[in-house]
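Student: Provided below: data.pdb, containing PDB, C-alpha atoms.
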ATOM      1  CA  MET D   1       0.000   0.000   0.000
ATOM      2  CA  SER D   2       2.865   2.384   0.771
ATOM      3  CA  ASP D   3       3.876   2.208  -2.905
ATOM      4  CA  LEU D   4       0.585   3.793  -3.925
ATOM      5  CA  PRO D   5       0.621   7.565  -4.348
ATOM      6  CA  LEU D   6      -1.145   9.609  -1.701
ATOM      7  CA  VAL D   7      -4.158  11.402  -3.194
ATOM      8  CA  SER D   8      -5.425  14.660  -1.713
ATOM      9  CA  VAL D   9      -9.061  15.532  -2.455
ATOM     10  CA  ILE D  10      -9.744  19.219  -1.859
ATOM     11  CA  ILE D  11     -13.340  20.418  -1.501
ATOM     12  CA  PRO D  12     -13.951  24.183  -1.523
ATOM     13  CA  ASN D  13     -17.107  25.024   0.404
ATOM     14  CA  TRP D  14     -19.250  28.097   0.832
ATOM     15  CA  ASN D  15     -22.598  27.578   2.597
ATOM     16  CA  GLY D  16     -22.905  24.091   1.154
ATOM     17  CA  VAL D  17     -24.046  22.269   4.271
ATOM     18  CA  ARG D  18     -26.973  20.685   2.421
ATOM     19  CA  PHE D  19     -24.613  19.047  -0.093
ATOM     20  CA  LEU D  20     -21.616  18.067   2.012
ATOM     21  CA  PRO D  21     -23.027  14.845   3.543
ATOM     22  CA  VAL D  22     -23.629  13.233   0.131
ATOM     23  CA  CYS D  23     -20.207  14.304  -1.095
ATOM     24  CA  LEU D  24     -18.270  13.219   1.995
ATOM     25  CA  ASP D  25     -20.220   9.965   2.409
ATOM     26  CA  SER D  26     -19.330   9.029  -1.174
ATOM     27  CA  LEU D  27     -15.656   9.684  -0.433
ATOM     28  CA  ARG D  28     -15.899   7.350   2.558
ATOM     29  CA  ARG D  29     -16.869   4.592   0.132
ATOM     30  CA  GLN D  30     -13.763   4.924  -2.045
ATOM     31  CA  THR D  31     -11.894   1.715  -2.806
ATOM     32  CA  TYR D  32      -8.573   3.567  -3.057
ATOM     33  CA  PRO D  33      -6.751   3.245   0.295
ATOM     34  CA  ARG D  34      -4.367   6.242   0.435
ATOM     35  CA  LEU D  35      -6.678   9.216   0.590
ATOM     36  CA  GLU D  36      -6.467  12.610   2.275
ATOM     37  CA  ILE D  37      -9.664  14.678   2.315
ATOM     38  CA  ILE D  38      -9.572  18.421   2.943
ATOM     39  CA  VAL D  39     -12.584  20.740   3.147
ATOM     40  CA  VAL D  40     -11.662  24.394   2.759
ATOM     41  CA  ASP D  41     -14.462  26.583   4.058
ATOM     42  CA  ASN D  42     -14.965  30.105   2.689
ATOM     43  CA  ALA D  43     -16.349  31.662   5.897
ATOM     44  CA  SER D  44     -19.695  29.846   5.666
ATOM     45  CA  THR D  45     -22.559  30.890   7.942
ATOM     46  CA  ASP D  46     -24.781  27.810   7.528
ATOM     47  CA  GLY D  47     -23.133  25.391   9.975
ATOM     48  CA  SER D  48     -20.858  23.721   7.433
ATOM     49  CA  GLN D  49     -17.838  23.782   9.760
ATOM     50  CA  ALA D  50     -19.723  22.168  12.643
ATOM     51  CA  LEU D  51     -21.065  19.451  10.345
ATOM     52  CA  VAL D  52     -17.581  18.499   9.166
ATOM     53  CA  ARG D  53     -16.088  18.549  12.665
ATOM     54  CA  GLU D  54     -18.879  16.508  14.250
ATOM     55  CA  ARG D  55     -19.742  13.979  11.538
ATOM     56  CA  TYR D  56     -16.488  13.621   9.578
ATOM     57  CA  PRO D  57     -13.558  13.576  12.004
ATOM     58  CA  GLU D  58     -11.322  12.001   9.357
ATOM     59  CA  VAL D  59     -11.675  15.107   7.190
ATOM     60  CA  ARG D  60      -9.230  17.969   7.611
ATOM     61  CA  LEU D  61     -11.095  21.262   7.897
ATOM     62  CA  ILE D  62      -9.457  24.536   6.916
ATOM     63  CA  GLN D  63     -11.516  27.585   7.916
ATOM     64  CA  LEU D  64     -10.744  30.728   5.938
ATOM     65  CA  PRO D  65     -11.568  34.054   7.630
ATOM     66  CA  GLU D  66     -13.164  35.405   4.442
ATOM     67  CA  ASN D  67     -14.609  34.156   1.175
ATOM     68  CA  ARG D  68     -11.619  33.748  -1.140
ATOM     69  CA  GLY D  69     -13.739  32.245  -3.907
ATOM     70  CA  PHE D  70     -13.286  28.903  -5.584
ATOM     71  CA  THR D  71      -9.720  29.683  -6.594
ATOM     72  CA  GLY D  72      -8.563  30.939  -3.204
ATOM     73  CA  ALA D  73     -10.094  28.014  -1.344
ATOM     74  CA  CYS D  74      -8.604  25.479  -3.738
ATOM     75  CA  ASN D  75      -5.167  27.045  -3.510
ATOM     76  CA  ALA D  76      -5.316  27.043   0.296
ATOM     77  CA  GLY D  77      -6.162  23.351   0.166
ATOM     78  CA  ILE D  78      -3.410  22.538  -2.323
ATOM     79  CA  GLU D  79      -0.830  24.344  -0.216
ATOM     80  CA  ALA D  80      -1.900  22.429   2.883
ATOM     81  CA  SER D  81      -2.115  19.022   1.167
ATOM     82  CA  ARG D  82       0.539  16.318   0.980
ATOM     83  CA  GLY D  83      -0.569  14.151  -1.947
ATOM     84  CA  GLU D  84       1.413  13.415  -5.090
ATOM     85  CA  ILE D  85      -1.936  13.721  -6.855
ATOM     86  CA  VAL D  86      -4.285  16.607  -6.036
ATOM     87  CA  ILE D  87      -7.969  16.459  -6.954
ATOM     88  CA  LEU D  88     -10.318  19.428  -6.785
ATOM     89  CA  LEU D  89     -13.900  18.386  -6.107
ATOM     90  CA  ASN D  90     -17.089  20.442  -5.941
ATOM     91  CA  ASN D  91     -19.026  20.125  -2.698
ATOM     92  CA  ASP D  92     -22.254  19.419  -4.619
ATOM     93  CA  THR D  93     -21.071  16.148  -6.159
ATOM     94  CA  GLU D  94     -21.376  12.442  -5.475
ATOM     95  CA  VAL D  95     -18.499  10.257  -6.641
ATOM     96  CA  THR D  96     -18.675   6.562  -7.485
ATOM     97  CA  SER D  97     -16.719   4.182  -5.266
ATOM     98  CA  GLY D  98     -13.948   3.578  -7.788
ATOM     99  CA  TRP D  99     -13.527   7.212  -8.796
ATOM    100  CA  VAL D 100     -10.165   7.912  -7.145
ATOM    101  CA  ALA D 101      -8.767   4.524  -8.187
ATOM    102  CA  GLU D 102      -9.651   5.239 -11.826
ATOM    103  CA  VAL D 103      -8.014   8.663 -11.701
ATOM    104  CA  VAL D 104      -4.798   7.185 -10.299
ATOM    105  CA  ALA D 105      -4.829   4.397 -12.894
ATOM    106  CA  ALA D 106      -5.140   6.975 -15.695
ATOM    107  CA  PHE D 107      -2.102   8.849 -14.381
ATOM    108  CA  GLU D 108      -0.159   5.583 -14.235
ATOM    109  CA  ARG D 109      -1.052   4.764 -17.855
ATOM    110  CA  HIS D 110      -0.066   8.248 -19.016
ATOM    111  CA  PRO D 111       3.153   9.579 -17.470
ATOM    112  CA  GLU D 112       2.989  12.501 -19.925
ATOM    113  CA  ALA D 113      -0.316  13.640 -18.401
ATOM    114  CA  GLY D 114      -0.376  16.277 -15.710
ATOM    115  CA  MET D 115      -4.185  16.406 -15.634
ATOM    116  CA  VAL D 116      -6.994  13.847 -15.578
ATOM    117  CA  ALA D 117     -10.598  14.728 -16.405
ATOM    118  CA  SER D 118     -13.482  12.674 -15.031
ATOM    119  CA  LYS D 119     -16.861  11.838 -16.553
ATOM    120  CA  MET D 120     -19.265  14.198 -14.790
ATOM    121  CA  LEU D 121     -22.959  13.417 -15.160
ATOM    122  CA  LEU D 122     -25.926  15.427 -13.932
ATOM    123  CA  TYR D 123     -27.022  14.457 -10.431
ATOM    124  CA  ASP D 124     -30.722  14.376 -11.267
ATOM    125  CA  ARG D 125     -30.332  13.027 -14.828
ATOM    126  CA  ARG D 126     -27.662  10.401 -14.541
ATOM    127  CA  ASP D 127     -27.684   9.522 -18.210
ATOM    128  CA  THR D 128     -26.797  13.104 -19.228
ATOM    129  CA  LEU D 129     -23.328  14.629 -19.323
ATOM    130  CA  HIS D 130     -22.172  17.831 -17.747
ATOM    131  CA  THR D 131     -18.619  17.338 -18.958
ATOM    132  CA  ALA D 132     -16.282  14.740 -20.403
ATOM    133  CA  GLY D 133     -13.299  17.088 -20.231
ATOM    134  CA  ASP D 134     -12.920  20.726 -21.178
ATOM    135  CA  VAL D 135     -12.448  22.076 -24.699
ATOM    136  CA  TYR D 136     -11.138  25.434 -25.885
ATOM    137  CA  SER D 137     -12.102  26.819 -29.269
ATOM    138  CA  LEU D 138      -9.999  28.743 -31.761
ATOM    139  CA  ASP D 139     -12.468  31.606 -31.341
ATOM    140  CA  GLY D 140     -11.442  31.963 -27.695
ATOM    141  CA  LEU D 141     -14.443  30.317 -26.045
ATOM    142  CA  PRO D 142     -14.158  27.467 -23.523
ATOM    143  CA  GLY D 143     -16.670  24.652 -23.255
ATOM    144  CA  ASN D 144     -17.558  21.358 -21.665
ATOM    145  CA  ARG D 145     -17.107  18.375 -23.965
ATOM    146  CA  GLY D 146     -20.377  16.477 -24.294
ATOM    147  CA  VAL D 147     -22.421  19.015 -22.344
ATOM    148  CA  TRP D 148     -26.156  18.140 -22.221
ATOM    149  CA  GLN D 149     -25.569  15.042 -24.369
ATOM    150  CA  LYS D 150     -26.743  11.558 -23.440
ATOM    151  CA  ASP D 151     -23.930   9.388 -22.131
ATOM    152  CA  GLY D 152     -22.959   6.696 -24.609
ATOM    153  CA  GLU D 153     -20.219   4.917 -26.522
ATOM    154  CA  ARG D 154     -18.511   8.066 -27.807
ATOM    155  CA  TYR D 155     -17.844   9.118 -24.207
ATOM    156  CA  ASN D 156     -16.504   5.733 -23.086
ATOM    157  CA  THR D 157     -13.114   6.097 -24.772
ATOM    158  CA  GLU D 158     -10.014   7.339 -22.982
ATOM    159  CA  LEU D 159      -8.475  10.197 -24.950
ATOM    160  CA  TYR D 160      -6.691  13.529 -24.715
ATOM    161  CA  VAL D 161      -8.752  16.642 -24.001
ATOM    162  CA  PHE D 162      -7.735  20.256 -23.449
ATOM    163  CA  SER D 163      -8.152  20.359 -19.674
ATOM    164  CA  ALA D 164     -10.152  19.057 -16.726
ATOM    165  CA  CYS D 165     -13.273  20.758 -15.390
ATOM    166  CA  GLY D 166     -12.463  22.312 -12.008
ATOM    167  CA  GLY D 167     -15.428  20.562 -10.428
ATOM    168  CA  SER D 168     -13.452  17.312 -10.537
ATOM    169  CA  ALA D 169      -9.967  18.146 -11.807
ATOM    170  CA  ALA D 170      -7.013  15.921 -10.938
ATOM    171  CA  TYR D 171      -3.466  17.258 -11.135
ATOM    172  CA  ARG D 172       0.043  15.940 -10.598
ATOM    173  CA  ARG D 173       1.743  17.937  -7.886
ATOM    174  CA  ALA D 174       4.907  17.923  -9.999
ATOM    175  CA  MET D 175       3.033  19.815 -12.715
ATOM    176  CA  LEU D 176       1.598  22.358 -10.272
ATOM    177  CA  GLU D 177       5.064  22.972  -8.850
ATOM    178  CA  GLN D 178       6.238  23.782 -12.365
ATOM    179  CA  ILE D 179       3.377  25.938 -13.712
ATOM    180  CA  GLY D 180       1.828  27.339 -10.532
ATOM    181  CA  LEU D 181      -1.561  27.046  -8.856
ATOM    182  CA  LEU D 182      -4.912  28.517  -9.836
ATOM    183  CA  ASP D 183      -4.911  32.215 -10.663
ATOM    184  CA  GLU D 184      -6.857  33.746  -7.770
ATOM    185  CA  ASP D 185      -7.741  36.826  -9.810
ATOM    186  CA  PHE D 186     -10.213  34.607 -11.699
ATOM    187  CA  PHE D 187     -12.026  33.967  -8.369
ATOM    188  CA  PHE D 188     -14.801  31.849  -9.889
ATOM    189  CA  SER D 189     -15.052  30.362 -13.424
ATOM    190  CA  CYS D 190     -12.438  29.604 -16.110
ATOM    191  CA  GLU D 191      -9.621  29.112 -13.598
ATOM    192  CA  ASP D 192      -9.439  25.481 -14.739
ATOM    193  CA  ILE D 193      -9.064  26.488 -18.399
ATOM    194  CA  ASP D 194      -6.441  29.047 -17.424
ATOM    195  CA  LEU D 195      -4.428  26.388 -15.618
ATOM    196  CA  GLY D 196      -4.984  24.039 -18.552
ATOM    197  CA  TRP D 197      -3.459  26.614 -20.892
ATOM    198  CA  ARG D 198      -0.326  26.876 -18.760
ATOM    199  CA  ALA D 199      -0.074  23.098 -18.592
ATOM    200  CA  GLN D 200      -0.464  22.662 -22.343
ATOM    201  CA  LEU D 201       2.060  25.410 -23.082
ATOM    202  CA  ALA D 202       4.545  23.634 -20.811
ATOM    203  CA  GLY D 203       4.030  20.300 -22.583
ATOM    204  CA  TRP D 204       1.707  18.495 -20.153
ATOM    205  CA  ARG D 205      -1.296  16.568 -21.494
ATOM    206  CA  CYS D 206      -4.787  16.042 -20.092
ATOM    207  CA  VAL D 207      -6.385  12.601 -20.243
ATOM    208  CA  TYR D 208     -10.115  11.959 -20.030
ATOM    209  CA  ALA D 209     -10.801   8.879 -17.880
ATOM    210  CA  PRO D 210     -14.323   7.629 -18.716
ATOM    211  CA  GLU D 211     -14.472   5.162 -15.815
ATOM    212  CA  ALA D 212     -13.857   7.941 -13.261
ATOM    213  CA  VAL D 213     -17.537   8.815 -12.814
ATOM    214  CA  LEU D 214     -19.295  11.323 -10.577
ATOM    215  CA  TYR D 215     -22.602  13.193 -10.427
ATOM    216  CA  HIS D 216     -23.041  16.963 -10.105
ATOM    217  CA  HIS D 217     -25.838  19.268  -8.925
ATOM    218  CA  LEU D 218     -25.405  21.788 -11.729
ATOM    219  CA  ALA D 219     -24.878  25.388 -10.548
ATOM    220  CA  ALA D 220     -26.000  24.525  -7.037
ATOM    221  CA  THR D 221     -23.485  26.762  -5.277
ATOM    222  CA  GLY D 222     -22.662  29.182  -8.082
ATOM    223  CA  GLY D 223     -25.750  30.441  -9.864
ATOM    224  CA  ASP D 224     -26.518  31.897 -13.249
ATOM    225  CA  VAL D 225     -25.872  35.547 -12.354
ATOM    226  CA  THR D 226     -22.544  34.865 -10.651
ATOM    227  CA  ALA D 227     -21.377  32.591 -13.446
ATOM    228  CA  SER D 228     -22.521  35.024 -16.144
ATOM    229  CA  PHE D 229     -20.534  37.917 -14.700
ATOM    230  CA  TYR D 230     -17.324  35.958 -14.225
ATOM    231  CA  ASN D 231     -17.645  34.211 -17.591
ATOM    232  CA  GLY D 232     -18.032  37.584 -19.294
ATOM    233  CA  ARG D 233     -14.901  38.904 -17.630
ATOM    234  CA  ASN D 234     -12.761  35.790 -17.526
ATOM    235  CA  TYR D 235     -13.256  34.759 -21.162
ATOM    236  CA  LEU D 236     -11.449  37.976 -22.085
ATOM    237  CA  TRP D 237      -8.731  37.385 -19.509
ATOM    238  CA  LEU D 238      -8.110  33.886 -20.890
ATOM    239  CA  ILE D 239      -7.397  35.306 -24.336
ATOM    240  CA  ALA D 240      -5.244  38.187 -23.111
ATOM    241  CA  LYS D 241      -3.158  36.006 -20.835
ATOM    242  CA  ASN D 242      -2.862  32.681 -22.635
ATOM    243  CA  TYR D 243      -3.664  32.741 -26.355
ATOM    244  CA  PRO D 244      -0.291  32.467 -28.187
ATOM    245  CA  GLY D 245       0.657  35.418 -30.353
ATOM    246  CA  PRO D 246       0.993  33.561 -33.674
ATOM    247  CA  LEU D 247      -2.457  32.009 -33.244
ATOM    248  CA  LEU D 248      -3.934  35.298 -32.080
ATOM    249  CA  ARG D 249      -2.752  37.005 -35.257
ATOM    250  CA  LYS D 250      -4.264  34.199 -37.326
ATOM    251  CA  HIS D 251      -7.604  33.787 -35.582
ATOM    252  CA  TRP D 252      -8.382  37.267 -34.200
ATOM    253  CA  PRO D 253     -11.364  37.811 -36.547
ATOM    254  CA  GLU D 254     -13.025  34.669 -35.166
ATOM    255  CA  ILE D 255     -12.287  35.780 -31.603
ATOM    256  CA  VAL D 256     -13.785  39.233 -32.152
ATOM    257  CA  ARG D 257     -16.885  37.770 -33.829
ATOM    258  CA  ALA D 258     -17.411  35.377 -30.911
ATOM    259  CA  GLN D 259     -17.247  38.194 -28.346
ATOM    260  CA  LEU D 260     -19.583  40.393 -30.380
ATOM    261  CA  ARG D 261     -22.040  37.513 -30.686
ATOM    262  CA  LEU D 262     -22.020  36.982 -26.897
ATOM    263  CA  ALA D 263     -22.546  40.696 -26.316
ATOM    264  CA  TRP D 264     -25.414  40.855 -28.826
ATOM    265  CA  GLU D 265     -27.117  37.821 -27.297
ATOM    266  CA  ALA D 266     -26.899  39.462 -23.871
ATOM    267  CA  ILE D 267     -28.270  42.766 -25.203
ATOM    268  CA  ARG D 268     -31.230  40.939 -26.780
ATOM    269  CA  ALA D 269     -31.929  39.288 -23.411
ATOM    270  CA  TRP D 270     -31.416  42.553 -21.507
ATOM    271  CA  ARG D 271     -34.435  42.012 -19.254
ATOM    272  CA  GLY D 272     -32.749  38.984 -17.755
ATOM    273  CA  GLU D 273     -30.479  39.530 -14.757
ATOM    274  CA  ALA D 274     -27.947  36.976 -16.022
ATOM    275  CA  ALA D 275     -27.669  38.776 -19.381
ATOM    276  CA  ARG D 276     -26.983  42.084 -17.683
ATOM    277  CA  ALA D 277     -24.415  40.386 -15.471
ATOM    278  CA  ARG D 278     -22.587  39.048 -18.540
ATOM    279  CA  LEU D 279     -22.432  42.511 -20.084
ATOM    280  CA  ARG D 280     -21.087  43.945 -16.821
ATOM    281  CA  GLY D 281     -18.489  41.180 -16.783
ATOM    282  CA  MET D 282     -17.442  41.866 -20.358
ATOM    283  CA  LEU D 283     -17.097  45.571 -19.615
ATOM    284  CA  VAL D 284     -15.006  44.884 -16.524
ATOM    285  CA  GLY D 285     -12.939  42.427 -18.556
ATOM    286  CA  LEU D 286     -12.161  45.089 -21.164
ATOM    287  CA  LEU D 287     -11.310  47.696 -18.537
ATOM    288  CA  THR D 288      -8.996  45.291 -16.686
ATOM    289  CA  LEU D 289      -7.242  43.762 -19.707
ATOM    290  CA  PRO D 290      -3.934  45.379 -18.641
ATOM    291  CA  ARG D 291      -4.126  43.296 -15.457
ATOM    292  CA  ALA D 292      -4.242  40.088 -17.499
ATOM    293  CA  LEU D 293      -1.709  41.298 -20.048
ATOM    294  CA  ARG D 294       0.859  41.896 -17.295
ATOM    295  CA  LYS D 295       0.878  38.133 -16.709
ATOM    296  CA  ARG D 296       1.135  37.255 -20.376
ATOM    297  CA  ARG D 297       4.909  37.406 -20.748
ATOM    298  CA  GLN D 298       5.504  34.963 -17.903
ATOM    299  CA  VAL D 299       2.842  32.556 -19.176
ATOM    300  CA  GLN D 300       4.073  32.578 -22.771
ATOM    301  CA  ALA D 301       7.650  32.027 -21.546
ATOM    302  CA  MET D 302       6.490  28.585 -20.337
ATOM    303  CA  ARG D 303       5.872  27.377 -23.886
ATOM    304  CA  THR D 304       7.886  24.316 -24.876
ATOM    305  CA  VAL D 305       5.537  23.024 -27.581
ATOM    306  CA  SER D 306       4.978  24.194 -31.147
ATOM    307  CA  VAL D 307       2.262  26.575 -32.237
ATOM    308  CA  GLU D 308       1.126  23.860 -34.663
ATOM    309  CA  TYR D 309       0.586  21.460 -31.772
ATOM    310  CA  LEU D 310      -1.409  24.035 -29.827
ATOM    311  CA  GLU D 311      -3.588  24.776 -32.837
ATOM    312  CA  SER D 312      -4.231  21.050 -33.258
ATOM    313  CA  ILE D 313      -5.635  20.616 -29.754
ATOM    314  CA  LEU D 314      -8.065  23.550 -30.022
ATOM    315  CA  THR D 315     -11.636  22.965 -31.167
ATOM    316  CA  PRO D 316     -12.866  24.563 -34.427
ATOM    317  CA  SER D 317     -14.625  27.892 -33.958
ATOM    318  CA  GLY D 318     -18.312  27.698 -33.173
ATOM    319  CA  ARG D 319     -18.064  24.369 -31.364
ATOM    320  CA  ASP D 320     -19.105  24.428 -27.695
ATOM    321  CA  GLY D 321     -18.193  20.855 -26.834
ATOM    322  CA  ARG D 322     -21.383  19.168 -28.020
ATOM    323  CA  GLU D 323     -20.385  16.539 -30.549
TER     324      GLU D 323
END
Would you mind writing the file out in structure tokens?

Tutor:
Amino acid sequence: MSDLPLVSVIIPNWNGVRFLPVCLDSLRRQTYPRLEIIVVDNASTDGSQALVRERYPEVRLIQLPENRGFTGACNAGIEASRGEIVILLNNDTEVTSGWVAEVVAAFERHPEAGMVASKMLLYDRRDTLHTAGDVYSLDGLPGNRGVWQKDGERYNTELYVFSACGGSAAYRRAMLEQIGLLDEDFFFSCEDIDLGWRAQLAGWRCVYAPEAVLYHHLAATGGDVTASFYNGRNYLWLIAKNYPGPLLRKHWPEIVRAQLRLAWEAIRAWRGEAARARLRGMLVGLLTLPRALRKRRQVQAMRTVSVEYLESILTPSGRDGRE
């Protein structure tokens, strides 16, 4: 058993007391023996901390004095963890008993992989996908592979994807030590794609492991308005920080068209709070582009792979992950 890598599962939590028992009970049923579980609490006020302390004494609880968002909580957990493999897990999920074992097996089969993506199905519709790995399009838009599609044969094959959805993303510690942790400026949304960009630039691959299955209460602790604002802002930051110069010069018309389309769709749905939140996010993203651009030089200096390779792993424009 001592030869097996220690796996640290890090669960960021903010007022998720109603979800934590299902999540933590499912982790108790894991078949993998070397497991460290850490709940990082973002100053919850719903009794989450007491629940973990009283009902799950095997879980390490880190209580943050303020809400540092998904990124801040995950980074606090990573820094406190000891595992060779680090897995980020949403608090509103239920994992199957062999989930961790399948993630570890995928890493063992693929030494070139620094990331493993799980098969995430909807909690209430367990035949429907939320994600089978993340994709990133040439037009600068991220997406979930297989989103809203029925699970089936096409999603049962192990293959390379762009990155792993942060709701169940597994990382080698060695990779994180090389490329850095989540960018806390992103706070919520797209931080997984941002890290995936740095990993891909540095030559690490992401493997989708179809037997690593879990179920997710979609948007249970985020919400449409919150996600819309941060998506609007962070999509722009992803491009400014990560998109390689040669590809940017080649595909900038597609990128501009995609952003204009998103803005127009939000304007047409102006009466909706989520649409207004996206427009606010896009405006903030434009105004704060210098903040993202200041990080660009360091990120692009990580690149060890060819521009041709990077172009080959990006999805054609207009594709959102549905196949």

Student: Find the distance between CA of Ser48 in chain D and CA of Gly167 in chain D and write it in Å to one decimal.

Tutor: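 Separating CA of Ser48 in chain D from CA of Gly167 in chain D is a distance of 18.9 Å.
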
Student: Enumerate, in order of chain and increasing residue number, the residues of range 88-178 of chain D with an atom no farther than 7 Å from range 23-27 of chain D, each with its shortest atom pair and distance in Å to one decimal, counting all atoms listed in the file, as CSV.

Tutor:
residue,atom,partner,partner_atom,distance
D:Asn91,CA,D:Cys23,CA,6.2
D:Asp92,CA,D:Cys23,CA,6.5
D:Thr93,CA,D:Cys23,CA,5.5
D:Glu94,CA,D:Cys23,CA,4.9
D:Val95,CA,D:Ser26,CA,5.7
D:Thr96,CA,D:Ser26,CA,6.8
D:Ser97,CA,D:Ser26,CA,6.9

Student: The PyMOL selection byres ((chain D and resi 149) around 7) on the file shown: which residues, as a VMD selection string?

Tutor: chain D and resid 128 to 129 146 to 148 150 to 151 322

Student: In terms of the shortest atom-to-atom distance over only C-alpha atoms, which of D:Trp264, D:Trp204, D:Tyr309, D:Phe186 is closest to Leu236 in chain D?

Tutor: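 That would be D:Phe186, the residue with the smallest distance to Leu236 in chain D.
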
Student: I'd like to see the residues matched by the PyMOL selection byres ((chain D and resi 126) around 10) on this file, and ideally I'd get them as a list in words.

Tutor: Met120, Leu121, Leu122, Tyr123, Asp124, Arg125, Asp127, Thr128, Leu129, His130, Lys150, Asp151, Leu214, Tyr215 and His216 of chain D

Student: So, with only C-alpha atoms as the atoms that count, which of D:Leu195, D:Leu138, D:Ala113, D:Ile255 lies closest to Val161 in chain D?

Tutor: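 Between D:Leu195, D:Leu138, D:Ala113, D:Ile255, the residue approaching Val161 in chain D most closely is D:Ala113.
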
Student: Report the distance between CA of Asp46 in chain D and CA of Ala76 in chain D in Å, rounded to one decimal place.

Tutor: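 That distance, rounded to one decimal, is 20.8 Å.
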
Student: With the PyMOL selection byres ((chain D and resi 52) around 12) as the selection, what would be picked from this file? Answer as a PyMOL selection string, please.

Tutor: chain D and resi 11+13+16-21+23-25+37-41+46-51+53-63

Student: Please indicate the distance in Å from CA of Ser306 in chain D to CA of Arg109 in chain D, rounded to one decimal place.

Tutor: 24.3 Å

Student: Determine the nearest neighbour of Ser163 in chain D from the options D:Ile313, D:Asn242, D:Gly281, D:Thr31, counting only C-alpha atoms.

Tutor: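 Smallest distance to Ser163 in chain D is found for D:Ile313.
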
Student: Mind checking which residues fall within 10 Å of Arg296 in chain D, counting all atoms listed in the file, ignoring those fewer than 5 positions away in the same chain, and posting them as a list in words?

Tutor: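 Contacts, with the query itself left out: Trp237, Leu238, Ile239, Ala240, Lys241, Asn242, Tyr243, Pro244, Pro290, Arg291 and Ala301 of chain D.
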
Student: Select, from D:Thr157, D:Ser228, D:Asn234, D:Ser137, the residue with the minimum atom-to-atom distance to Ala275 in chain D, counting only C-alpha atoms.

Tutor: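 The shortest atom-to-atom distance to Ala275 in chain D comes from D:Ser228.
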
Student: Give me the residues near Trp197 in chain D as a PDB file with C-alpha atoms, in the coordinates of the input, where near means some atom within 12 Å (using only C-alpha atoms) and where sequence neighbours in that chain fewer than 2 positions away do not count.

Tutor:
ATOM      1  CA  GLY D 114      -0.376  16.277 -15.710  1.00  0.00           C
ATOM      2  CA  MET D 115      -4.185  16.406 -15.634  1.00  0.00           C
ATOM      3  CA  ASP D 134     -12.920  20.726 -21.178  1.00  0.00           C
ATOM      4  CA  VAL D 135     -12.448  22.076 -24.699  1.00  0.00           C
ATOM      5  CA  TYR D 136     -11.138  25.434 -25.885  1.00  0.00           C
ATOM      6  CA  GLY D 140     -11.442  31.963 -27.695  1.00  0.00           C
ATOM      7  CA  PRO D 142     -14.158  27.467 -23.523  1.00  0.00           C
ATOM      8  CA  VAL D 161      -8.752  16.642 -24.001  1.00  0.00           C
ATOM      9  CA  PHE D 162      -7.735  20.256 -23.449  1.00  0.00           C
ATOM     10  CA  SER D 163      -8.152  20.359 -19.674  1.00  0.00           C
ATOM     11  CA  ALA D 164     -10.152  19.057 -16.726  1.00  0.00           C
ATOM     12  CA  ILE D 179       3.377  25.938 -13.712  1.00  0.00           C
ATOM     13  CA  GLY D 180       1.828  27.339 -10.532  1.00  0.00           C
ATOM     14  CA  LEU D 182      -4.912  28.517  -9.836  1.00  0.00           C
ATOM     15  CA  ASP D 183      -4.911  32.215 -10.663  1.00  0.00           C
ATOM     16  CA  CYS D 190     -12.438  29.604 -16.110  1.00  0.00           C
ATOM     17  CA  GLU D 191      -9.621  29.112 -13.598  1.00  0.00           C
ATOM     18  CA  ASP D 192      -9.439  25.481 -14.739  1.00  0.00           C
ATOM     19  CA  ILE D 193      -9.064  26.488 -18.399  1.00  0.00           C
ATOM     20  CA  ASP D 194      -6.441  29.047 -17.424  1.00  0.00           C
ATOM     21  CA  LEU D 195      -4.428  26.388 -15.618  1.00  0.00           C
ATOM     22  CA  ALA D 199      -0.074  23.098 -18.592  1.00  0.00           C
ATOM     23  CA  GLN D 200      -0.464  22.662 -22.343  1.00  0.00           C
ATOM     24  CA  LEU D 201       2.060  25.410 -23.082  1.00  0.00           C
ATOM     25  CA  ALA D 202       4.545  23.634 -20.811  1.00  0.00           C
ATOM     26  CA  GLY D 203       4.030  20.300 -22.583  1.00  0.00           C
ATOM     27  CA  TRP D 204       1.707  18.495 -20.153  1.00  0.00           C
ATOM     28  CA  ARG D 205      -1.296  16.568 -21.494  1.00  0.00           C
ATOM     29  CA  CYS D 206      -4.787  16.042 -20.092  1.00  0.00           C
ATOM     30  CA  LEU D 238      -8.110  33.886 -20.890  1.00  0.00           C
ATOM     31  CA  ILE D 239      -7.397  35.306 -24.336  1.00  0.00           C
ATOM     32  CA  ALA D 240      -5.244  38.187 -23.111  1.00  0.00           C
ATOM     33  CA  LYS D 241      -3.158  36.006 -20.835  1.00  0.00           C
ATOM     34  CA  ASN D 242      -2.862  32.681 -22.635  1.00  0.00           C
ATOM     35  CA  TYR D 243      -3.664  32.741 -26.355  1.00  0.00           C
ATOM     36  CA  PRO D 244      -0.291  32.467 -28.187  1.00  0.00           C
ATOM     37  CA  ARG D 296       1.135  37.255 -20.376  1.00  0.00           C
ATOM     38  CA  VAL D 299       2.842  32.556 -19.176  1.00  0.00           C
ATOM     39  CA  GLN D 300       4.073  32.578 -22.771  1.00  0.00           C
ATOM     40  CA  MET D 302       6.490  28.585 -20.337  1.00  0.00           C
ATOM     41  CA  ARG D 303       5.872  27.377 -23.886  1.00  0.00           C
ATOM     42  CA  VAL D 305       5.537  23.024 -27.581  1.00  0.00           C
ATOM     43  CA  LEU D 310      -1.409  24.035 -29.827  1.00  0.00           C
ATOM     44  CA  ILE D 313      -5.635  20.616 -29.754  1.00  0.00           C
ATOM     45  CA  LEU D 314      -8.065  23.550 -30.022  1.00  0.00           C
TER      46      LEU D 314
END
